[in-house]
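This report concerns only the one structure given below.
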Amino acid sequence: MIRHCIGIDLGTSGVRAEILDAAGASQGALRRAWPVGFRNEEPGGPDDPEVWWAAVADLLRQAARRLPDAPVAIAVDGTSATLLAVDGAGDPIGPALLYNDARAVDEGEHLRGIAPPSSAAHGASSSAAKLLWLRRQGWLKGAARVLHQAEWISGRLQGRHDRGDENNALKLGYDPMQGRWPDWWLRELGPIADLLPEIVPAGTPLGRITAAVARETGLHRDSRVVAGTTDGIAGFLATGVDQPGTGVTSLGSTLVLKQLSEQPLFDPAAGVYSHRVLGRWLAGGASNSGGAVLAAHFSPAEIEALAREIDPARDTGLDYYPLLRPGERFPVSDPARRPRLTPRPASDARFLQGLLEGIARIEAAGYQRLQALGAAPVTAIVTVGGGAANAQWTALRERITGVPVLRAEHEEAARGAALLAGIGAAAI
């Protein structure tokens, strides 16, 4: 019987691991930052998969020293749409294309003409566009599979690289409603369609770790690997939210909304897509508004000090739409949407409050959009991200959304991955 689970989260700044016991209690959290010499010019983490593996193996060694000599279950989450090609042995063919790599502009435009509107394959940074770009560059010679970041690490743990998970596969063109690669995509890929992995639901038991991995990490040879997910979904799982009427808002550099739904919700015109997670649907969207706009005007210390001057019960009357630059994704997809940040009052505290109100109105409109598509009305919102700690922002969000706003007890994606590993372990 497996009594401990390990979740691995490959993020933009490094790798995190969390160990949970059978009751879901944390038995330790570990972290390793990406080496400075491997950072890209822009944040995003290294594109060398061997650097990923070195960090993961190090954290697994540390975890093994904390645990009894018994099998564990492991699940991995990674950045969505980070893609790489591998040969028959699972070795990477060149560097990975990171989640924020948007060089496949022509391919994204081509996909707009062939992919149905409900597909998540749209956009220059999608995995599907990246695959077409690799094909055009001739970089797929000798490739046996294309995999996402989490899928490759899971494959390395178990010594086979032919399977992926439904959540990572979404941006590679996978159809979660039909549960297969769609015909339009197979026709487009032709001979290279064989590079697509077999897709299984997140949380599916995949197999044991290899003897080599057991020796390298010190983990028990009978430890199991469970199909992982994306970092965003792992973060959602960490919150423990399991009711359709509870929304989960991430107040990071951008504003991300997620909500469980009894049915899949898709509306590309509003930036809404759905993942299938543990037999249920998770719908959501991401606005370009968020904390990055605040950071462009104020330091964290200034925000903290100015927020204390805010009366969240009194509206400023400022009708801001806070964006860093033109373009919005959700609750309406509008590449031409322009920021609206005027007039600027003389009071910095009043200006900050106007920004916070504008972001809160986008949040409220986002949940209203999900409801219009068929989601349950939200009766509460659980918040993750740095903005969750701002009491004044929380209070004015409650005023604008009309529902209680709570801070998540847990939000680390590594914990969500560990919970997923536990679900897979229970199915063994």
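Residues are referred to by chain and number: the chain letter is A, B, ... according to the order shown in the structure tokens, the number counts from 1 in that chain, and ligands are numbered separately from 1 in the order shown.
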If you take only C-alpha atoms and a cut-off of 8 Å, which residues of region 43-142 of chain A touch region 402-421 of chain A, and what are their nearest atom pairs and distances in Å to one decimal, in chain and number order, as a Markdown table?
| residue | atom | partner | partner_atom | distance |
| --- | --- | --- | --- | --- |
| A:Ala73 | CA | A:Ala421 | CA | 5.5 |
| A:Ile74 | CA | A:Ala421 | CA | 5.4 |
| A:Ala75 | CA | A:Ala421 | CA | 4.9 |
| A:Val76 | CA | A:Ala417 | CA | 5.9 |
| A:Asp77 | CA | A:Ala417 | CA | 6.2 |
Nearby residues (only C-alpha atoms) at most 10 Å from Asp319 (chain A), same-chain spacing under 2 positions excluded, as number ranges by chain: A: 316-317, 321-322, 340-343, 354-355, 357-358, 361
Shell around region 195-197 of chain A at 7 Å using only C-alpha atoms, local window under 2 positions removed, as a ChimeraX atom specification: /A:144-146,162-164,192-193,199
Pull all heavy atoms from the residues just selected and write them as a PDB file, in the first residue's frame.
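This went into out-v9.pdb:
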ATOM      1  N   ALA A 144      10.444  10.743 -32.510  1.00  0.00           N
ATOM      2  CA  ALA A 144       9.482   9.653 -32.323  1.00  0.00           C
ATOM      3  C   ALA A 144       8.208  10.137 -31.655  1.00  0.00           C
ATOM      4  O   ALA A 144       7.142   9.549 -31.852  1.00  0.00           O
ATOM      5  CB  ALA A 144      10.102   8.546 -31.470  1.00  0.00           C
ATOM      6  N   ARG A 145       8.291  11.219 -30.853  1.00  0.00           N
ATOM      7  CA  ARG A 145       7.136  11.769 -30.153  1.00  0.00           C
ATOM      8  C   ARG A 145       7.349  13.266 -29.918  1.00  0.00           C
ATOM      9  O   ARG A 145       8.484  13.745 -29.877  1.00  0.00           O
ATOM     10  CB  ARG A 145       6.916  11.103 -28.785  1.00  0.00           C
ATOM     11  CG  ARG A 145       6.352   9.708 -28.816  1.00  0.00           C
ATOM     12  CD  ARG A 145       4.877   9.688 -29.195  1.00  0.00           C
ATOM     13  NE  ARG A 145       4.309   8.362 -29.054  1.00  0.00           N
ATOM     14  CZ  ARG A 145       4.385   7.409 -29.969  1.00  0.00           C
ATOM     15  NH1 ARG A 145       5.038   7.627 -31.100  1.00  0.00           N
ATOM     16  NH2 ARG A 145       3.818   6.230 -29.755  1.00  0.00           N
ATOM     17  N   VAL A 146       6.251  13.973 -29.748  1.00  0.00           N
ATOM     18  CA  VAL A 146       6.298  15.323 -29.184  1.00  0.00           C
ATOM     19  C   VAL A 146       5.554  15.262 -27.856  1.00  0.00           C
ATOM     20  O   VAL A 146       4.502  14.631 -27.747  1.00  0.00           O
ATOM     21  CB  VAL A 146       5.674  16.385 -30.108  1.00  0.00           C
ATOM     22  CG1 VAL A 146       6.570  16.643 -31.302  1.00  0.00           C
ATOM     23  CG2 VAL A 146       4.268  15.999 -30.548  1.00  0.00           C
ATOM     24  N   ASP A 162       5.551   7.585 -24.565  1.00  0.00           N
ATOM     25  CA  ASP A 162       4.501   7.503 -25.585  1.00  0.00           C
ATOM     26  C   ASP A 162       3.129   7.932 -25.081  1.00  0.00           C
ATOM     27  O   ASP A 162       2.146   7.800 -25.795  1.00  0.00           O
ATOM     28  CB  ASP A 162       4.406   6.068 -26.125  1.00  0.00           C
ATOM     29  CG  ASP A 162       4.137   5.043 -25.027  1.00  0.00           C
ATOM     30  OD1 ASP A 162       4.271   5.394 -23.844  1.00  0.00           O
ATOM     31  OD2 ASP A 162       3.808   3.897 -25.367  1.00  0.00           O
ATOM     32  N   ARG A 163       3.054   8.468 -23.846  1.00  0.00           N
ATOM     33  CA  ARG A 163       1.758   8.840 -23.295  1.00  0.00           C
ATOM     34  C   ARG A 163       1.760  10.260 -22.756  1.00  0.00           C
ATOM     35  O   ARG A 163       2.755  10.725 -22.207  1.00  0.00           O
ATOM     36  CB  ARG A 163       1.348   7.858 -22.187  1.00  0.00           C
ATOM     37  CG  ARG A 163       0.990   6.477 -22.710  1.00  0.00           C
ATOM     38  CD  ARG A 163       0.697   5.510 -21.589  1.00  0.00           C
ATOM     39  NE  ARG A 163       1.899   5.183 -20.829  1.00  0.00           N
ATOM     40  CZ  ARG A 163       1.910   4.306 -19.831  1.00  0.00           C
ATOM     41  NH1 ARG A 163       0.790   3.692 -19.475  1.00  0.00           N
ATOM     42  NH2 ARG A 163       3.025   4.041 -19.194  1.00  0.00           N
ATOM     43  N   GLY A 164       0.612  10.898 -22.928  1.00  0.00           N
ATOM     44  CA  GLY A 164       0.421  12.239 -22.394  1.00  0.00           C
ATOM     45  C   GLY A 164      -0.884  12.307 -21.637  1.00  0.00           C
ATOM     46  O   GLY A 164      -1.630  11.335 -21.565  1.00  0.00           O
ATOM     47  N   ILE A 192       3.308  12.948 -39.789  1.00  0.00           N
ATOM     48  CA  ILE A 192       3.842  13.230 -38.452  1.00  0.00           C
ATOM     49  C   ILE A 192       2.776  13.103 -37.365  1.00  0.00           C
ATOM     50  O   ILE A 192       3.058  13.361 -36.189  1.00  0.00           O
ATOM     51  CB  ILE A 192       4.531  14.605 -38.363  1.00  0.00           C
ATOM     52  CG1 ILE A 192       3.515  15.740 -38.506  1.00  0.00           C
ATOM     53  CG2 ILE A 192       5.647  14.719 -39.384  1.00  0.00           C
ATOM     54  CD1 ILE A 192       4.100  17.091 -38.119  1.00  0.00           C
ATOM     55  N   ALA A 193       1.562  12.695 -37.742  1.00  0.00           N
ATOM     56  CA  ALA A 193       0.537  12.437 -36.720  1.00  0.00           C
ATOM     57  C   ALA A 193       0.989  11.342 -35.764  1.00  0.00           C
ATOM     58  O   ALA A 193       0.524  11.276 -34.621  1.00  0.00           O
ATOM     59  CB  ALA A 193      -0.788  12.061 -37.372  1.00  0.00           C
ATOM     60  N   ILE A 199      -3.188   9.544 -25.255  1.00  0.00           N
ATOM     61  CA  ILE A 199      -3.641  10.441 -24.201  1.00  0.00           C
ATOM     62  C   ILE A 199      -4.496   9.687 -23.184  1.00  0.00           C
ATOM     63  O   ILE A 199      -5.392   8.918 -23.548  1.00  0.00           O
ATOM     64  CB  ILE A 199      -4.447  11.617 -24.795  1.00  0.00           C
ATOM     65  CG1 ILE A 199      -3.579  12.406 -25.768  1.00  0.00           C
ATOM     66  CG2 ILE A 199      -4.961  12.523 -23.683  1.00  0.00           C
ATOM     67  CD1 ILE A 199      -2.300  12.963 -25.172  1.00  0.00           C
TER      68      ILE A 199
END
Asp231 (chain A) environment, 8 Å, only C-alpha atoms, sequence neighbours closer than 5 positions dropped, as a ChimeraX atom specification: /A:9-11,77-80,413
Using only N, CA and C atoms, please write the residues we just selected to a file, as an mmCIF file, in the first residue's frame.
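Produced file part_27.cif, reproduced below:
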data_model
loop_
_atom_site.group_PDB
_atom_site.id
_atom_site.type_symbol
_atom_site.label_atom_id
_atom_site.label_comp_id
_atom_site.auth_asym_id
_atom_site.auth_seq_id
_atom_site.Cartn_x
_atom_site.Cartn_y
_atom_site.Cartn_z
ATOM 1 N N ASP A 9 6.186 20.160 -9.268
ATOM 2 C CA ASP A 9 5.702 21.310 -10.031
ATOM 3 C C ASP A 9 6.877 21.990 -10.718
ATOM 4 N N LEU A 10 6.887 21.950 -12.049
ATOM 5 C CA LEU A 10 7.915 22.647 -12.814
ATOM 6 C C LEU A 10 7.357 24.019 -13.185
ATOM 7 N N GLY A 11 7.874 25.052 -12.550
ATOM 8 C CA GLY A 11 7.359 26.399 -12.743
ATOM 9 C C GLY A 11 8.303 27.289 -13.511
ATOM 10 N N ASP A 77 3.346 18.198 -12.637
ATOM 11 C CA ASP A 77 2.700 19.240 -13.450
ATOM 12 C C ASP A 77 3.782 20.137 -14.038
ATOM 13 N N GLY A 78 3.467 20.743 -15.181
ATOM 14 C CA GLY A 78 4.424 21.621 -15.839
ATOM 15 C C GLY A 78 3.714 22.771 -16.516
ATOM 16 N N THR A 79 4.495 23.704 -17.036
ATOM 17 C CA THR A 79 3.918 24.868 -17.695
ATOM 18 C C THR A 79 3.181 24.448 -18.959
ATOM 19 N N SER A 80 1.980 24.961 -19.112
ATOM 20 C CA SER A 80 1.120 24.591 -20.227
ATOM 21 C C SER A 80 1.712 25.069 -21.547
ATOM 22 N N ALA A 413 0.956 24.504 -6.566
ATOM 23 C CA ALA A 413 0.696 23.503 -7.604
ATOM 24 C C ALA A 413 1.304 22.152 -7.231
#
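Put simply, CA of Ser250 (chain A) is 12.4 Å away from CA of Thr394 (chain A).
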Any idea what's packed within 12 Å of Ser287 (chain A), counting only C-alpha atoms, ignoring anything in its chain fewer than 5 positions away? Could you give it as a PDB file with C-alpha atoms, in the first residue's frame?
ATOM      1  CA  THR A 249      -9.584  33.512  -8.859  1.00  0.00           C
ATOM      2  CA  SER A 250      -5.825  33.793  -9.252  1.00  0.00           C
ATOM      3  CA  LEU A 251      -4.571  37.319  -8.572  1.00  0.00           C
ATOM      4  CA  GLY A 252      -1.106  37.093 -10.041  1.00  0.00           C
ATOM      5  CA  SER A 253       0.443  39.134 -12.819  1.00  0.00           C
ATOM      6  CA  THR A 254      -2.717  38.323 -14.762  1.00  0.00           C
ATOM      7  CA  LEU A 255      -6.278  37.627 -13.628  1.00  0.00           C
ATOM      8  CA  VAL A 256      -7.279  33.968 -14.059  1.00  0.00           C
ATOM      9  CA  LEU A 257     -10.730  32.566 -13.258  1.00  0.00           C
ATOM     10  CA  LYS A 258     -11.662  28.870 -12.947  1.00  0.00           C
ATOM     11  CA  ALA A 270     -14.745  35.250 -24.830  1.00  0.00           C
ATOM     12  CA  GLY A 271     -11.508  33.333 -24.195  1.00  0.00           C
ATOM     13  CA  VAL A 272     -13.307  30.459 -22.432  1.00  0.00           C
ATOM     14  CA  ALA A 292       1.289  43.402 -13.632  1.00  0.00           C
ATOM     15  CA  VAL A 293      -0.720  46.593 -14.224  1.00  0.00           C
ATOM     16  CA  TYR A 321     -10.034  49.077 -17.663  1.00  0.00           C
ATOM     17  CA  PRO A 322      -6.516  48.266 -16.396  1.00  0.00           C
ATOM     18  CA  LEU A 323      -4.235  46.833 -19.087  1.00  0.00           C
ATOM     19  CA  LEU A 324      -0.512  47.205 -19.718  1.00  0.00           C
ATOM     20  CA  GLY A 327      -5.374  43.573 -26.219  1.00  0.00           C
ATOM     21  CA  GLU A 328      -7.694  41.527 -24.020  1.00  0.00           C
ATOM     22  CA  ARG A 329      -8.405  37.771 -23.856  1.00  0.00           C
ATOM     23  CA  PHE A 330     -11.236  37.370 -21.349  1.00  0.00           C
ATOM     24  CA  PRO A 331     -14.113  37.966 -20.620  1.00  0.00           C
ATOM     25  CA  VAL A 332     -14.083  39.254 -24.201  1.00  0.00           C
ATOM     26  CA  SER A 333     -11.348  38.382 -26.664  1.00  0.00           C
ATOM     27  CA  ASP A 334     -10.461  41.715 -28.250  1.00  0.00           C
ATOM     28  CA  PRO A 335      -6.915  42.242 -29.596  1.00  0.00           C
ATOM     29  CA  ARG A 337      -9.045  46.600 -26.578  1.00  0.00           C
ATOM     30  CA  GLY A 358     -11.367  47.989 -12.531  1.00  0.00           C
ATOM     31  CA  ILE A 359      -9.762  44.570 -12.053  1.00  0.00           C
ATOM     32  CA  ALA A 360     -12.630  43.542  -9.754  1.00  0.00           C
ATOM     33  CA  ARG A 361     -15.188  44.554 -12.386  1.00  0.00           C
ATOM     34  CA  ILE A 362     -13.383  42.388 -14.936  1.00  0.00           C
ATOM     35  CA  GLU A 363     -13.498  39.527 -12.422  1.00  0.00           C
ATOM     36  CA  ALA A 364     -17.238  39.990 -11.916  1.00  0.00           C
ATOM     37  CA  ALA A 365     -17.810  40.156 -15.677  1.00  0.00           C
ATOM     38  CA  GLY A 366     -15.755  36.985 -16.102  1.00  0.00           C
ATOM     39  CA  TYR A 367     -17.931  34.966 -13.747  1.00  0.00           C
TER      40      TYR A 367
END
All alpha helix (DSSP H) residues (DSSP, backbone) inside region 157-386 of chain A, as a PyMOL selection string: chain A and resi 157-158+166-169+183-189+211-217+231-239+291-295+300-307+348-372
Any chance you can output those residues with C-alpha atoms as a PDB file, in the first residue's frame?
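The result, written out as part_34.pdb:
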ATOM      1  CA  LEU A 157      10.585   8.411 -14.489  1.00  0.00           C
ATOM      2  CA  GLN A 158       8.987   5.305 -15.978  1.00  0.00           C
ATOM      3  CA  GLU A 166      -5.683  15.258 -21.360  1.00  0.00           C
ATOM      4  CA  ASN A 167      -4.923  18.622 -19.808  1.00  0.00           C
ATOM      5  CA  ASN A 168      -1.548  19.245 -21.402  1.00  0.00           C
ATOM      6  CA  ALA A 169      -2.850  17.833 -24.704  1.00  0.00           C
ATOM      7  CA  ASP A 183      -9.774  14.246 -37.731  1.00  0.00           C
ATOM      8  CA  TRP A 184      -8.993  17.788 -38.906  1.00  0.00           C
ATOM      9  CA  TRP A 185      -5.720  17.686 -36.944  1.00  0.00           C
ATOM     10  CA  LEU A 186      -4.715  14.217 -38.119  1.00  0.00           C
ATOM     11  CA  ARG A 187      -5.312  15.292 -41.739  1.00  0.00           C
ATOM     12  CA  GLU A 188      -3.184  18.401 -41.263  1.00  0.00           C
ATOM     13  CA  LEU A 189      -0.303  16.490 -39.689  1.00  0.00           C
ATOM     14  CA  ALA A 211      15.574   0.688 -11.768  1.00  0.00           C
ATOM     15  CA  ALA A 212      17.905   3.450 -12.983  1.00  0.00           C
ATOM     16  CA  VAL A 213      15.665   6.152 -11.536  1.00  0.00           C
ATOM     17  CA  ALA A 214      15.404   4.230  -8.263  1.00  0.00           C
ATOM     18  CA  ARG A 215      19.218   4.129  -8.039  1.00  0.00           C
ATOM     19  CA  GLU A 216      19.598   7.796  -8.981  1.00  0.00           C
ATOM     20  CA  THR A 217      17.009   9.098  -6.527  1.00  0.00           C
ATOM     21  CA  ASP A 231       0.499  23.958 -13.523  1.00  0.00           C
ATOM     22  CA  GLY A 232      -2.760  25.901 -13.590  1.00  0.00           C
ATOM     23  CA  ILE A 233      -4.934  22.867 -12.981  1.00  0.00           C
ATOM     24  CA  ALA A 234      -2.596  21.566 -10.277  1.00  0.00           C
ATOM     25  CA  GLY A 235      -2.970  24.913  -8.543  1.00  0.00           C
ATOM     26  CA  PHE A 236      -6.746  24.587  -8.729  1.00  0.00           C
ATOM     27  CA  LEU A 237      -6.633  21.073  -7.269  1.00  0.00           C
ATOM     28  CA  ALA A 238      -4.525  22.371  -4.384  1.00  0.00           C
ATOM     29  CA  THR A 239      -7.345  24.676  -3.244  1.00  0.00           C
ATOM     30  CA  GLY A 291      -1.115  42.523 -10.824  1.00  0.00           C
ATOM     31  CA  ALA A 292       1.289  43.402 -13.632  1.00  0.00           C
ATOM     32  CA  VAL A 293      -0.720  46.593 -14.224  1.00  0.00           C
ATOM     33  CA  LEU A 294      -0.439  47.528 -10.563  1.00  0.00           C
ATOM     34  CA  ALA A 295       3.310  46.834 -10.612  1.00  0.00           C
ATOM     35  CA  PRO A 300       4.719  46.360  -3.484  1.00  0.00           C
ATOM     36  CA  ALA A 301       5.544  48.582  -0.513  1.00  0.00           C
ATOM     37  CA  GLU A 302       3.630  51.510  -2.047  1.00  0.00           C
ATOM     38  CA  ILE A 303       0.608  49.302  -2.731  1.00  0.00           C
ATOM     39  CA  GLU A 304       0.611  48.083   0.858  1.00  0.00           C
ATOM     40  CA  ALA A 305       0.855  51.622   2.263  1.00  0.00           C
ATOM     41  CA  LEU A 306      -1.664  53.215  -0.116  1.00  0.00           C
ATOM     42  CA  ALA A 307      -4.168  50.404   0.356  1.00  0.00           C
ATOM     43  CA  ASP A 348      -2.270  58.018  -5.501  1.00  0.00           C
ATOM     44  CA  ALA A 349      -4.500  56.067  -3.107  1.00  0.00           C
ATOM     45  CA  ARG A 350      -7.566  56.998  -5.136  1.00  0.00           C
ATOM     46  CA  PHE A 351      -5.783  56.019  -8.358  1.00  0.00           C
ATOM     47  CA  LEU A 352      -4.800  52.652  -6.859  1.00  0.00           C
ATOM     48  CA  GLN A 353      -8.375  52.083  -5.732  1.00  0.00           C
ATOM     49  CA  GLY A 354      -9.593  52.834  -9.246  1.00  0.00           C
ATOM     50  CA  LEU A 355      -7.212  50.210 -10.622  1.00  0.00           C
ATOM     51  CA  LEU A 356      -8.346  47.633  -8.052  1.00  0.00           C
ATOM     52  CA  GLU A 357     -12.000  48.370  -8.810  1.00  0.00           C
ATOM     53  CA  GLY A 358     -11.367  47.989 -12.531  1.00  0.00           C
ATOM     54  CA  ILE A 359      -9.762  44.570 -12.053  1.00  0.00           C
ATOM     55  CA  ALA A 360     -12.630  43.542  -9.754  1.00  0.00           C
ATOM     56  CA  ARG A 361     -15.188  44.554 -12.386  1.00  0.00           C
ATOM     57  CA  ILE A 362     -13.383  42.388 -14.936  1.00  0.00           C
ATOM     58  CA  GLU A 363     -13.498  39.527 -12.422  1.00  0.00           C
ATOM     59  CA  ALA A 364     -17.238  39.990 -11.916  1.00  0.00           C
ATOM     60  CA  ALA A 365     -17.810  40.156 -15.677  1.00  0.00           C
ATOM     61  CA  GLY A 366     -15.755  36.985 -16.102  1.00  0.00           C
ATOM     62  CA  TYR A 367     -17.931  34.966 -13.747  1.00  0.00           C
ATOM     63  CA  GLN A 368     -21.040  36.460 -15.359  1.00  0.00           C
ATOM     64  CA  ARG A 369     -19.722  35.311 -18.723  1.00  0.00           C
ATOM     65  CA  LEU A 370     -19.182  31.769 -17.433  1.00  0.00           C
ATOM     66  CA  GLN A 371     -22.705  31.782 -16.017  1.00  0.00           C
ATOM     67  CA  ALA A 372     -24.140  32.932 -19.362  1.00  0.00           C
TER      68      ALA A 372
END
Within 8 Å of region 127-136 of chain A, counting only C-alpha atoms, which residues show up once you throw out same-chain ones fewer than 6 positions away? Write them as a PDB file with all heavy atoms, in the first residue's frame, please.
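The resulting result_14.pdb:
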ATOM      1  N   ALA A  81       1.734  24.170 -22.545  1.00  0.00           N
ATOM      2  CA  ALA A  81       2.188  24.457 -23.915  1.00  0.00           C
ATOM      3  C   ALA A  81       3.706  24.538 -24.053  1.00  0.00           C
ATOM      4  O   ALA A  81       4.208  25.020 -25.065  1.00  0.00           O
ATOM      5  CB  ALA A  81       1.551  25.722 -24.476  1.00  0.00           C
ATOM      6  N   THR A  82       4.470  24.083 -23.056  1.00  0.00           N
ATOM      7  CA  THR A  82       5.911  23.923 -23.235  1.00  0.00           C
ATOM      8  C   THR A  82       6.141  22.574 -23.903  1.00  0.00           C
ATOM      9  O   THR A  82       5.840  21.529 -23.333  1.00  0.00           O
ATOM     10  CB  THR A  82       6.643  23.987 -21.892  1.00  0.00           C
ATOM     11  OG1 THR A  82       6.534  25.323 -21.373  1.00  0.00           O
ATOM     12  CG2 THR A  82       8.121  23.640 -22.040  1.00  0.00           C
ATOM     13  N   LEU A  83       6.677  22.590 -25.125  1.00  0.00           N
ATOM     14  CA  LEU A  83       6.706  21.405 -25.990  1.00  0.00           C
ATOM     15  C   LEU A  83       8.126  21.058 -26.400  1.00  0.00           C
ATOM     16  O   LEU A  83       8.956  21.956 -26.626  1.00  0.00           O
ATOM     17  CB  LEU A  83       5.862  21.673 -27.243  1.00  0.00           C
ATOM     18  CG  LEU A  83       5.563  20.480 -28.148  1.00  0.00           C
ATOM     19  CD1 LEU A  83       4.487  19.595 -27.532  1.00  0.00           C
ATOM     20  CD2 LEU A  83       5.127  20.949 -29.532  1.00  0.00           C
ATOM     21  N   LEU A  97      10.438  24.324 -26.723  1.00  0.00           N
ATOM     22  CA  LEU A  97       9.800  25.613 -26.985  1.00  0.00           C
ATOM     23  C   LEU A  97       8.926  25.921 -25.770  1.00  0.00           C
ATOM     24  O   LEU A  97       7.982  25.192 -25.480  1.00  0.00           O
ATOM     25  CB  LEU A  97       8.958  25.554 -28.258  1.00  0.00           C
ATOM     26  CG  LEU A  97       9.718  25.242 -29.554  1.00  0.00           C
ATOM     27  CD1 LEU A  97       8.764  25.246 -30.740  1.00  0.00           C
ATOM     28  CD2 LEU A  97      10.840  26.245 -29.779  1.00  0.00           C
ATOM     29  N   ALA A 104       5.649  31.126 -33.577  1.00  0.00           N
ATOM     30  CA  ALA A 104       4.885  30.417 -34.613  1.00  0.00           C
ATOM     31  C   ALA A 104       3.683  31.249 -35.071  1.00  0.00           C
ATOM     32  O   ALA A 104       2.541  30.778 -35.096  1.00  0.00           O
ATOM     33  CB  ALA A 104       4.447  29.059 -34.099  1.00  0.00           C
ATOM     34  N   VAL A 105       3.948  32.485 -35.484  1.00  0.00           N
ATOM     35  CA  VAL A 105       2.864  33.395 -35.866  1.00  0.00           C
ATOM     36  C   VAL A 105       2.145  32.887 -37.120  1.00  0.00           C
ATOM     37  O   VAL A 105       0.906  32.835 -37.171  1.00  0.00           O
ATOM     38  CB  VAL A 105       3.412  34.811 -36.098  1.00  0.00           C
ATOM     39  CG1 VAL A 105       2.307  35.734 -36.615  1.00  0.00           C
ATOM     40  CG2 VAL A 105       4.012  35.360 -34.813  1.00  0.00           C
ATOM     41  N   GLU A 107       2.034  29.877 -38.280  1.00  0.00           N
ATOM     42  CA  GLU A 107       1.341  28.630 -37.968  1.00  0.00           C
ATOM     43  C   GLU A 107       0.046  28.897 -37.194  1.00  0.00           C
ATOM     44  O   GLU A 107      -0.974  28.231 -37.410  1.00  0.00           O
ATOM     45  CB  GLU A 107       2.256  27.705 -37.175  1.00  0.00           C
ATOM     46  CG  GLU A 107       3.387  27.088 -37.985  1.00  0.00           C
ATOM     47  CD  GLU A 107       4.495  28.079 -38.337  1.00  0.00           C
ATOM     48  OE1 GLU A 107       4.568  29.151 -37.682  1.00  0.00           O
ATOM     49  OE2 GLU A 107       5.290  27.789 -39.244  1.00  0.00           O
ATOM     50  N   GLY A 108       0.096  29.880 -36.304  1.00  0.00           N
ATOM     51  CA  GLY A 108      -1.111  30.250 -35.581  1.00  0.00           C
ATOM     52  C   GLY A 108      -2.188  30.773 -36.511  1.00  0.00           C
ATOM     53  O   GLY A 108      -3.372  30.471 -36.347  1.00  0.00           O
ATOM     54  N   LEU A 111      -3.690  27.815 -38.330  1.00  0.00           N
ATOM     55  CA  LEU A 111      -4.617  27.071 -37.488  1.00  0.00           C
ATOM     56  C   LEU A 111      -5.964  27.771 -37.377  1.00  0.00           C
ATOM     57  O   LEU A 111      -7.006  27.115 -37.254  1.00  0.00           O
ATOM     58  CB  LEU A 111      -4.016  26.873 -36.091  1.00  0.00           C
ATOM     59  CG  LEU A 111      -2.933  25.805 -36.001  1.00  0.00           C
ATOM     60  CD1 LEU A 111      -2.152  25.946 -34.702  1.00  0.00           C
ATOM     61  CD2 LEU A 111      -3.541  24.407 -36.091  1.00  0.00           C
ATOM     62  N   ALA A 121      -6.278  24.894 -29.774  1.00  0.00           N
ATOM     63  CA  ALA A 121      -5.053  24.890 -30.573  1.00  0.00           C
ATOM     64  C   ALA A 121      -4.731  26.248 -31.160  1.00  0.00           C
ATOM     65  O   ALA A 121      -3.662  26.433 -31.745  1.00  0.00           O
ATOM     66  CB  ALA A 121      -5.194  23.866 -31.705  1.00  0.00           C
ATOM     67  N   VAL A 146       6.251  13.973 -29.748  1.00  0.00           N
ATOM     68  CA  VAL A 146       6.298  15.323 -29.184  1.00  0.00           C
ATOM     69  C   VAL A 146       5.554  15.262 -27.856  1.00  0.00           C
ATOM     70  O   VAL A 146       4.502  14.631 -27.747  1.00  0.00           O
ATOM     71  CB  VAL A 146       5.674  16.385 -30.108  1.00  0.00           C
ATOM     72  CG1 VAL A 146       6.570  16.643 -31.302  1.00  0.00           C
ATOM     73  CG2 VAL A 146       4.268  15.999 -30.548  1.00  0.00           C
ATOM     74  N   LYS A 171      -3.938  22.080 -25.680  1.00  0.00           N
ATOM     75  CA  LYS A 171      -3.375  23.083 -26.581  1.00  0.00           C
ATOM     76  C   LYS A 171      -2.610  22.463 -27.752  1.00  0.00           C
ATOM     77  O   LYS A 171      -2.135  23.178 -28.628  1.00  0.00           O
ATOM     78  CB  LYS A 171      -2.471  24.046 -25.806  1.00  0.00           C
ATOM     79  CG  LYS A 171      -3.241  24.948 -24.855  1.00  0.00           C
ATOM     80  CD  LYS A 171      -2.341  25.955 -24.172  1.00  0.00           C
ATOM     81  CE  LYS A 171      -3.131  26.848 -23.235  1.00  0.00           C
ATOM     82  NZ  LYS A 171      -2.274  27.845 -22.540  1.00  0.00           N
ATOM     83  N   LEU A 172      -2.514  21.134 -27.765  1.00  0.00           N
ATOM     84  CA  LEU A 172      -1.921  20.427 -28.893  1.00  0.00           C
ATOM     85  C   LEU A 172      -2.999  19.943 -29.864  1.00  0.00           C
ATOM     86  O   LEU A 172      -2.722  19.207 -30.799  1.00  0.00           O
ATOM     87  CB  LEU A 172      -1.075  19.253 -28.385  1.00  0.00           C
ATOM     88  CG  LEU A 172      -0.166  18.528 -29.377  1.00  0.00           C
ATOM     89  CD1 LEU A 172       0.775  19.478 -30.103  1.00  0.00           C
ATOM     90  CD2 LEU A 172       0.619  17.420 -28.683  1.00  0.00           C
ATOM     91  N   GLY A 173      -4.232  20.376 -29.634  1.00  0.00           N
ATOM     92  CA  GLY A 173      -5.311  20.047 -30.549  1.00  0.00           C
ATOM     93  C   GLY A 173      -6.219  18.932 -30.093  1.00  0.00           C
ATOM     94  O   GLY A 173      -7.172  18.584 -30.812  1.00  0.00           O
TER      95      GLY A 173
END
Strand (DSSP E) residues, from DSSP on the backbone, in region 67-287 of chain A, as a ChimeraX atom specification: /A:72-78,83-86,145-148,163-165,198-200,205-208,224-230,246-251,255-261,273-277,280-287
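The space between CA of Asn288 (chain A) and CA of Thr246 (chain A) spans 22.2 Å.
For the residues A:Ala120, A:Leu318, A:Ala283, A:Ala63, ranking by smallest atom-to-atom distance to Pro268 (chain A) using only C-alpha atoms places A:Ala120 first.
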